[in-house]
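Structure, as structure tokens:
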Amino acid sequence: MSQDSNEEGGLYDIHFYLNLVWRLRYWIIISALAGCGIAFLYLKTKPAIYSSQMVILITTDKNAGMSNSAEFSFIQDMTGMATYNSLENERVIIRSTPVIQKVVEEQELNIRYYTEGTFRDDETLAQDIKMSFVANEGFNANRLPRLRIDYDVTDSTRMKLTVTDSSLRQWNDGVVVRDTMVTLPATISLPRYGTLRFVYRNIGQENDETGEEKASAQKRRYIQLYSPLVRAKEICSGIGVNVVEDGKRASMGGSSSILQLTITDNIPARAEMLLESIVHQYNLQTKEYYTMSYTNTMEFIQQRLADLKGQLTGVEGRIKDFSIGNDVYDIQSQTSFTINSDMQRQQRVQEIGIQIGLLEMVANELHQQNGFTTIPSNVGITDGAITASITEYNRLCVERMRLLSGSSESSPVIKDMDLGLRSRRELICKTIENQIALLNSQQEKIIQQLGKNKKEMQRLPSQKLNLAEIERERSVVEPLYVLLQKKREETMLAIIAEPDIARIVEHAEFNSVPVGPNSSRIYLMALILGLLFPIGLVVAKIALKTKITMPDDITSRTKIPVLGIVPQGQKRYTNVKDIIGQNGQDITAEVFRAIRSNLSFMDGKVFQVTSSIPSEGKSFVSVHLAISFALAEKKTILIETDMRKGHLRRQFEVSPEVKGGLAQYLAGQSDDWRSMLIGHPDIKGLDVLLRGSLPPNPNELLSGKRFAQLIEELRGEYDYVILDSPPYLLISDPISINRVADRTIYIMRAGVSDLRFINEIDMADKNGQLTKPYIVLNGLDLESQGYYGRGRYGYGYGYAYGYSYGYGEHKARPSAVASWLSRLRKRS
């Protein structure tokens with residue numbers, strides 16, 4: 001039995017949703033057509049997007065210079081600084097904002113030209129007006145708002161323009177210049193930002209014969225100018241950089257050094273130009289970073305050469321003055337016998353002095369550094385370990401500055417590099433100090449040896465001795481000057497010979513097939529959404545509803561059986577006369593016959609009819625049920641136990657002169673309840689006991705013994721006793737009445753009763769506050785719910801409510817279109 005019920009429920013669910021789709025078929029078709037129409041309009045507003053690609057090779061040999069050296073390995077072991085993926089860094093840098101912004105500024109890509117259209121504004125690269133922007137001194141172009149320049153070219157010498165500033169929309173609609181006629185070439189000054197310059201370029205001559213330029217001239221054209229930084233970020237979002245290995249994309253862990261650059265743009269020519277310019281700018285900036293140490297070295301050498309030149313000029317001047325004043329002309333022949341023995345020692349002293357001077361200059365440079373910048377490397381230091389350490393230190397400084405362009409000081413990679421740089425700088429300083437100490441010791445020994453020969457030099461004439469000292473000073477300065485000149489030439493060659501890090505393998509080319517927008521996918525999504533929107537809307541309405549609208553809302557939430565479903569009538573019957581006038585030929589009468597049949601198979605004859613709140617139709621059901629029993633020749637009494645707000649007097653059209661009722665009997669004012677009964681001349685076997693006057697204590701009267709005795713007497717005289725009780729959730733009267741009732745008929749109304757009321761009925765059933773409750777769903781709109789013909793609830797709860805079993809005349813069934821229009825009006 002349970003299995004059959006489950007199968008029936010599942011079958012019903014399928015039928016229900018199929019029926020739902022069928023009833024919404026017109027809405028689904030309309031929604032699908034509307035979705036396709038919206039997709040069509042959307043595609044009209046979006047320009048075609050094309051993809052351009054370029055393949056480049058990243059040469060990283062320069063980064064491997066010291067990576068395998070013993071010194072670098074020692075630094076890694078001491079500082080814990082690990083190697084990093086240089087190719088991944090290049091991927092980030094090549095599409096970084098500084099690189100792209102430089103391209104934007106050089107190519108003026110933040111100036112865009114548009115032609116207004118019906119659905120969208122088409123962007124073009126070339127128009128008859130070329131505009132450029134020059135920022136005011138001190139104004140940051142990255143703070144430039146969006147400016148719109150609408151223009152109309154009269155001829156090659158005149159144009160009318162209007163400038164609108166988006167940051168001034170709240171004042172005068174942001175118009176800065178309105179309908180101003182200017183003579184080309186023209187200059188317009190914007191005091192807050194800078195200067196706009198316009199020139200005329202005749203690009204429409206080739207299109208004059210086809211009429212394309214004439215048609216374009218009839219459309220409104222305008223120019224947009226905005227921040228280079230904003231434009232660079234827009235371009236960055238459309239750039240992709242991927243590693244390519246064997247013609248396919250590869251992960252970063254592979255051995256390939258080939259990168260594929262992809263960019264999307266609505267103008268293919270601009271996309272190709274962008275890729276070429278990005279690679280060119282990337283090479284320029286990378287070369288600038290790599291040659292930064294050479295540049296610093298060049299500045300250092302130039303400064304030292306200027307100082308040494310001044311010293312050398314002064315020494316030569318002193319020699320000239322001394323020689324002329326003392327008649328000393330052949331210094332070599334006069335002093336050769338004195339200084340011949342000291343030449344080698346003096347040469348060594350000179351070399352040591354040069355090395356000490358160079359090392360002290362490098363040491364001072366390191367001590368004066370506040371951050372991490374490159375230091376002079378190729379200045380003539382002969383110690384190989386110090387030169388290698390300085391070279392690696394400069395390389396790490398360059399890499400740190402490159403990473404900082406796309407990162408921040410707090411980056412873990414930057415912090416690791418800072419730690420390594422500090423360790424390396426301390427190691428270099430310590431090595432230089434040791435080397436200087438060693439050289440000083442050697443120099444002191446040589447000078448001591450030279451001091452032994454000074455006595456011999458004292459025998460020379462004082463003039464010659466002084467001249468020899470001046471010559472010795474020149475011999476120290478002149479070799480250092482010559483050495484620095486040689487190093488300057490070497491540094492210049494190194495700067496010029498620095499290669500590009502990115503070599504183009506395949507130049508930029510675009511795909512002639514647009515990559516977006518994907519019209520097929522958009523149409524498909526629009527069609528699917530259009531088909532599902534009405535169904536989803538109805539399903540969401542069902543899922544989010546708070547009122548009972550269909551029998552499933554009850555049966556899915558409680559095990560209390562549904563006794564019957566009362567359909568919503570086309571006409572409201574307010575009194576018994578109208579109900580009898582139908583002669584039992586309407587659907588409502590058939591429903592109550594079914595309910596009567598179900599009750600006749602149950603034990604008991606006293607039925608309490610109640611509901612959760614007013615306006616759910618409990619009195620309506622009570623009256624119809626009582627009439628149905630009476631028409632079946634069952635002696636029935638209807639008692640108005642709702643003594644607070646009863647409606648039976650109005651429905652049975654009882655005269656106000658008729659006094660007395662249940663309240664008077666229960667209060668002991670009368671012991672003859674039979675004298676208080678009223679009836680209807682057209683309904684035999686039906687008696688009605690009204691509530692009477694409103695008592696001050698209805699609950700106490702209903703809880704008393706007289707009410708229980710009355711019901712016992714009525715059980716003996718009547719076949720059925722119908723108790724029209726007050727709402728259950730508002731007052732406690734139904735609980736007091738429940739003690740004399742055999743069964744409870746609980747009325748719930750579609751569209752009125754809250755879904756939470758079902759839980760209240762369950763709790764009342766479990767607590768014994770309602771005796772054997774049964775639910776009657778009142779006011780169900782069968783047509784809008786789709787219960788046509790022999791529905792699921794026909795056989796279980798009312799024996800095919802849609803059939804009249806031959807009563808009355810058969811009405812013609814309306815056409816499908818008329819039925820659909822009727823349902824549409826009801827839903828609206």
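Ligands are numbered from 1 in the order shown, residues from 1 within each chain, and chains are lettered A, B, ... in the order they appear in the structure tokens.
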Can you list, as a VMD selection string, all residues belonging to range 77-170 of chain A that DSSP tags as helix (DSSP H, G or I)?
chain A and resid 77 to 79 86 to 94 97 to 107 141 to 143 166 to 168
As a PyMOL selection string, list the residues of range 89-285 of chain A assigned to strand (DSSP E or B) by DSSP on the backbone atoms of this structure.
chain A and resi 111-115+122-124+129-135+147-153+158-165+175-183+186-190+194-200+221-225+239-245+248-250+258-265
Any chance you could export the current selection's C-alpha atoms as a CSV table (one decimal), in the first residue's frame?
chain,number,residue,atom,x,y,z
A,111,ILE,CA,43.5,59.1,-26.4
A,112,ARG,CA,40.8,57.1,-28.1
A,113,TYR,CA,38.7,58.1,-31.1
A,114,TYR,CA,35.0,57.1,-31.5
A,115,THR,CA,32.2,57.4,-34.0
A,122,ASP,CA,32.7,52.3,-32.9
A,123,GLU,CA,36.3,53.0,-32.0
A,124,THR,CA,38.8,53.8,-34.7
A,129,ILE,CA,41.6,65.0,-36.4
A,130,LYS,CA,44.8,64.1,-34.5
A,131,MET,CA,44.9,65.2,-30.8
A,132,SER,CA,47.7,65.2,-28.3
A,133,PHE,CA,47.8,66.2,-24.7
A,134,VAL,CA,50.6,68.1,-22.8
A,135,ALA,CA,50.2,68.1,-19.0
A,147,LEU,CA,37.5,64.0,-20.7
A,148,ARG,CA,35.2,63.8,-23.7
A,149,ILE,CA,35.9,66.1,-26.7
A,150,ASP,CA,33.0,66.2,-29.2
A,151,TYR,CA,34.0,67.8,-32.5
A,152,ASP,CA,32.6,68.7,-35.9
A,153,VAL,CA,35.1,69.4,-38.7
A,158,ARG,CA,38.2,74.9,-38.9
A,159,MET,CA,36.4,72.7,-36.4
A,160,LYS,CA,33.9,73.2,-33.7
A,161,LEU,CA,34.4,71.3,-30.4
A,162,THR,CA,32.9,70.8,-26.9
A,163,VAL,CA,35.0,69.5,-24.0
A,164,THR,CA,33.2,67.7,-21.1
A,165,ASP,CA,34.9,66.9,-17.8
A,175,VAL,CA,31.0,71.2,-19.9
A,176,VAL,CA,34.4,73.1,-19.9
A,177,VAL,CA,34.3,74.3,-23.5
A,178,ARG,CA,31.0,74.6,-25.3
A,179,ASP,CA,30.6,74.8,-29.1
A,180,THR,CA,33.8,76.7,-29.7
A,181,MET,CA,35.0,77.3,-33.3
A,182,VAL,CA,38.8,77.0,-33.6
A,183,THR,CA,41.2,77.3,-36.5
A,186,ALA,CA,44.5,74.6,-32.7
A,187,THR,CA,45.5,74.6,-29.0
A,188,ILE,CA,42.9,74.5,-26.2
A,189,SER,CA,44.1,75.2,-22.7
A,190,LEU,CA,42.6,73.4,-19.8
A,194,GLY,CA,47.2,70.9,-19.5
A,195,THR,CA,46.9,71.7,-23.1
A,196,LEU,CA,45.0,70.0,-26.0
A,197,ARG,CA,46.5,70.2,-29.4
A,198,PHE,CA,44.6,69.5,-32.6
A,199,VAL,CA,45.9,69.0,-36.1
A,200,TYR,CA,44.1,68.1,-39.3
A,221,ARG,CA,32.5,61.8,-33.6
A,222,TYR,CA,34.3,62.4,-30.3
A,223,ILE,CA,37.6,61.7,-28.5
A,224,GLN,CA,38.1,60.4,-25.0
A,225,LEU,CA,41.2,61.3,-23.0
A,239,ILE,CA,47.3,40.4,-21.8
A,240,GLY,CA,48.2,36.8,-21.3
A,241,VAL,CA,51.7,35.4,-20.9
A,242,ASN,CA,52.3,31.7,-21.1
A,243,VAL,CA,55.2,29.3,-21.3
A,244,VAL,CA,55.4,27.4,-24.6
A,245,GLU,CA,57.1,24.0,-24.9
A,248,LYS,CA,52.0,23.7,-26.4
A,249,ARG,CA,51.5,25.6,-23.1
A,250,ALA,CA,53.7,24.3,-20.4
A,258,ILE,CA,59.8,30.6,-24.8
A,259,LEU,CA,56.9,32.8,-23.9
A,260,GLN,CA,53.7,33.4,-25.8
A,261,LEU,CA,52.1,36.8,-25.5
A,262,THR,CA,48.4,37.1,-26.2
A,263,ILE,CA,46.4,40.3,-26.2
A,264,THR,CA,42.7,40.9,-27.0
A,265,ASP,CA,41.5,44.1,-28.6
Neighbouring residues of Ile761 in chain A were defined as those with any atom within 12 Å, considering only C-alpha atoms; residues of the same chain fewer than 2 positions away were excluded. Please report them as a PyMOL selection string.
chain A and resi 554+557-561+610-612+728-729+744-748+754-759+763-775
Next, dump the selected residues to file, keeping only C-alpha atoms, as a PDB file, in the first residue's frame.
ATOM      1  CA  ILE A 554      -0.799  19.730   3.370  1.00  0.00           C
ATOM      2  CA  ARG A 557       3.795  18.247   5.802  1.00  0.00           C
ATOM      3  CA  THR A 558       1.419  16.158   7.902  1.00  0.00           C
ATOM      4  CA  LYS A 559      -0.002  12.662   8.174  1.00  0.00           C
ATOM      5  CA  ILE A 560      -3.461  13.979   9.097  1.00  0.00           C
ATOM      6  CA  PRO A 561      -5.761  12.856   6.269  1.00  0.00           C
ATOM      7  CA  THR A 610     -13.132  24.595  13.353  1.00  0.00           C
ATOM      8  CA  SER A 611     -10.264  26.421  11.665  1.00  0.00           C
ATOM      9  CA  SER A 612      -7.077  28.282  12.543  1.00  0.00           C
ATOM     10  CA  TYR A 728      -8.697  27.111  17.242  1.00  0.00           C
ATOM     11  CA  LEU A 729      -5.591  29.326  17.299  1.00  0.00           C
ATOM     12  CA  THR A 744     -12.748  17.216  14.303  1.00  0.00           C
ATOM     13  CA  ILE A 745     -13.115  18.677  10.830  1.00  0.00           C
ATOM     14  CA  TYR A 746     -10.355  21.281  10.467  1.00  0.00           C
ATOM     15  CA  ILE A 747     -10.915  23.842   7.702  1.00  0.00           C
ATOM     16  CA  MET A 748      -7.982  25.376   5.839  1.00  0.00           C
ATOM     17  CA  ASP A 754      -0.515  29.922   6.575  1.00  0.00           C
ATOM     18  CA  LEU A 755       1.708  26.888   6.074  1.00  0.00           C
ATOM     19  CA  ARG A 756       2.749  27.127   9.726  1.00  0.00           C
ATOM     20  CA  PHE A 757      -0.826  26.300  10.754  1.00  0.00           C
ATOM     21  CA  ILE A 758      -0.190  22.694   9.709  1.00  0.00           C
ATOM     22  CA  ASN A 759       2.402  22.304  12.475  1.00  0.00           C
ATOM     23  CA  MET A 763       0.831  19.468  17.816  1.00  0.00           C
ATOM     24  CA  ALA A 764      -2.858  19.624  18.748  1.00  0.00           C
ATOM     25  CA  ASP A 765      -3.341  16.062  17.491  1.00  0.00           C
ATOM     26  CA  LYS A 766      -0.345  14.764  19.460  1.00  0.00           C
ATOM     27  CA  ASN A 767      -1.425  16.601  22.620  1.00  0.00           C
ATOM     28  CA  GLY A 768      -5.008  15.347  22.344  1.00  0.00           C
ATOM     29  CA  GLN A 769      -6.448  18.844  22.099  1.00  0.00           C
ATOM     30  CA  LEU A 770      -8.296  17.887  18.892  1.00  0.00           C
ATOM     31  CA  THR A 771     -10.036  14.520  18.572  1.00  0.00           C
ATOM     32  CA  LYS A 772      -9.230  12.581  15.395  1.00  0.00           C
ATOM     33  CA  PRO A 773      -8.753  15.639  13.186  1.00  0.00           C
ATOM     34  CA  TYR A 774      -9.461  15.613   9.465  1.00  0.00           C
ATOM     35  CA  ILE A 775      -8.583  18.468   7.119  1.00  0.00           C
TER      36      ILE A 775
END
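Minimum atom-to-atom distance to Glu713 in chain A, evaluated using only C-alpha atoms, belongs to A:Trp673 out of A:Leu484, A:Trp673, A:Ala363, A:Gly661.
Residues surrounding range 397-400 of chain A within 7 Å are A:Tyr289, A:Tyr290, A:Phe372, A:Thr373, A:Thr374, A:Ile414, A:Met417 [only C-alpha atoms; sequence separation below 6 positions excluded].
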How about saving the chosen residues, all heavy atoms kept, as an mmCIF file, in the first residue's frame?
data_model
loop_
_atom_site.group_PDB
_atom_site.id
_atom_site.type_symbol
_atom_site.label_atom_id
_atom_site.label_comp_id
_atom_site.auth_asym_id
_atom_site.auth_seq_id
_atom_site.Cartn_x
_atom_site.Cartn_y
_atom_site.Cartn_z
ATOM 1 N N TYR A 289 67.955 48.419 -16.400
ATOM 2 C CA TYR A 289 68.225 47.857 -15.078
ATOM 3 C C TYR A 289 69.577 47.134 -15.050
ATOM 4 O O TYR A 289 70.348 47.280 -14.099
ATOM 5 C CB TYR A 289 67.115 46.891 -14.690
ATOM 6 C CG TYR A 289 65.877 47.571 -14.161
ATOM 7 C CD1 TYR A 289 64.658 47.422 -14.815
ATOM 8 C CD2 TYR A 289 65.928 48.356 -13.021
ATOM 9 C CE1 TYR A 289 63.519 48.051 -14.343
ATOM 10 C CE2 TYR A 289 64.787 48.987 -12.533
ATOM 11 C CZ TYR A 289 63.588 48.831 -13.204
ATOM 12 O OH TYR A 289 62.473 49.451 -12.731
ATOM 13 N N TYR A 290 69.829 46.349 -16.077
ATOM 14 C CA TYR A 290 71.072 45.568 -16.089
ATOM 15 C C TYR A 290 72.311 46.451 -16.220
ATOM 16 O O TYR A 290 73.389 46.109 -15.724
ATOM 17 C CB TYR A 290 71.053 44.546 -17.222
ATOM 18 C CG TYR A 290 70.333 43.274 -16.856
ATOM 19 C CD1 TYR A 290 69.299 42.785 -17.646
ATOM 20 C CD2 TYR A 290 70.691 42.552 -15.727
ATOM 21 C CE1 TYR A 290 68.631 41.627 -17.317
ATOM 22 C CE2 TYR A 290 70.029 41.391 -15.391
ATOM 23 C CZ TYR A 290 68.997 40.928 -16.183
ATOM 24 O OH TYR A 290 68.352 39.783 -15.849
ATOM 25 N N PHE A 372 69.970 49.694 -1.043
ATOM 26 C CA PHE A 372 70.715 48.721 -1.819
ATOM 27 C C PHE A 372 70.827 49.226 -3.251
ATOM 28 O O PHE A 372 69.885 49.104 -4.036
ATOM 29 C CB PHE A 372 70.031 47.345 -1.784
ATOM 30 C CG PHE A 372 69.901 46.772 -0.402
ATOM 31 C CD1 PHE A 372 68.695 46.842 0.263
ATOM 32 C CD2 PHE A 372 70.979 46.190 0.233
ATOM 33 C CE1 PHE A 372 68.566 46.317 1.533
ATOM 34 C CE2 PHE A 372 70.854 45.662 1.502
ATOM 35 C CZ PHE A 372 69.636 45.740 2.174
ATOM 36 N N THR A 373 71.955 49.834 -3.573
ATOM 37 C CA THR A 373 72.230 50.304 -4.931
ATOM 38 C C THR A 373 73.552 49.724 -5.389
ATOM 39 O O THR A 373 74.380 49.257 -4.584
ATOM 40 C CB THR A 373 72.288 51.837 -4.971
ATOM 41 O OG1 THR A 373 73.302 52.288 -4.067
ATOM 42 C CG2 THR A 373 70.945 52.448 -4.564
ATOM 43 N N THR A 374 73.746 49.752 -6.695
ATOM 44 C CA THR A 374 74.959 49.170 -7.253
ATOM 45 C C THR A 374 76.183 50.024 -6.888
ATOM 46 O O THR A 374 76.067 51.230 -6.638
ATOM 47 C CB THR A 374 74.844 49.075 -8.774
ATOM 48 O OG1 THR A 374 74.595 50.378 -9.303
ATOM 49 C CG2 THR A 374 73.699 48.163 -9.167
ATOM 50 N N ILE A 414 61.472 39.840 -1.677
ATOM 51 C CA ILE A 414 62.290 41.033 -1.439
ATOM 52 C C ILE A 414 62.999 40.926 -0.094
ATOM 53 O O ILE A 414 64.182 41.273 0.046
ATOM 54 C CB ILE A 414 61.406 42.290 -1.502
ATOM 55 C CG1 ILE A 414 60.748 42.412 -2.912
ATOM 56 C CG2 ILE A 414 62.236 43.527 -1.202
ATOM 57 C CD1 ILE A 414 61.742 42.519 -4.033
ATOM 58 N N MET A 417 65.929 38.621 -0.420
ATOM 59 C CA MET A 417 67.023 39.248 -1.160
ATOM 60 C C MET A 417 67.717 40.308 -0.300
ATOM 61 O O MET A 417 68.939 40.473 -0.358
ATOM 62 C CB MET A 417 66.491 39.869 -2.439
ATOM 63 C CG MET A 417 65.974 38.837 -3.450
ATOM 64 S SD MET A 417 65.687 39.566 -5.064
ATOM 65 C CE MET A 417 67.365 39.816 -5.613
#
Which residues come within 8 Å of Lys635 in chain A, counting only C-alpha atoms, excluding same-chain residues fewer than 4 positions away, as a list in words?
Phe629, Ala630, Gly685, Leu686, Tyr718, Asp719 and Tyr720 of chain A
Lys645 in chain A surroundings by only C-alpha atoms, 10 Å radius, close-in-sequence under 6 positions cut, as a PyMOL selection string
chain A and resi 614+691+694+725-726
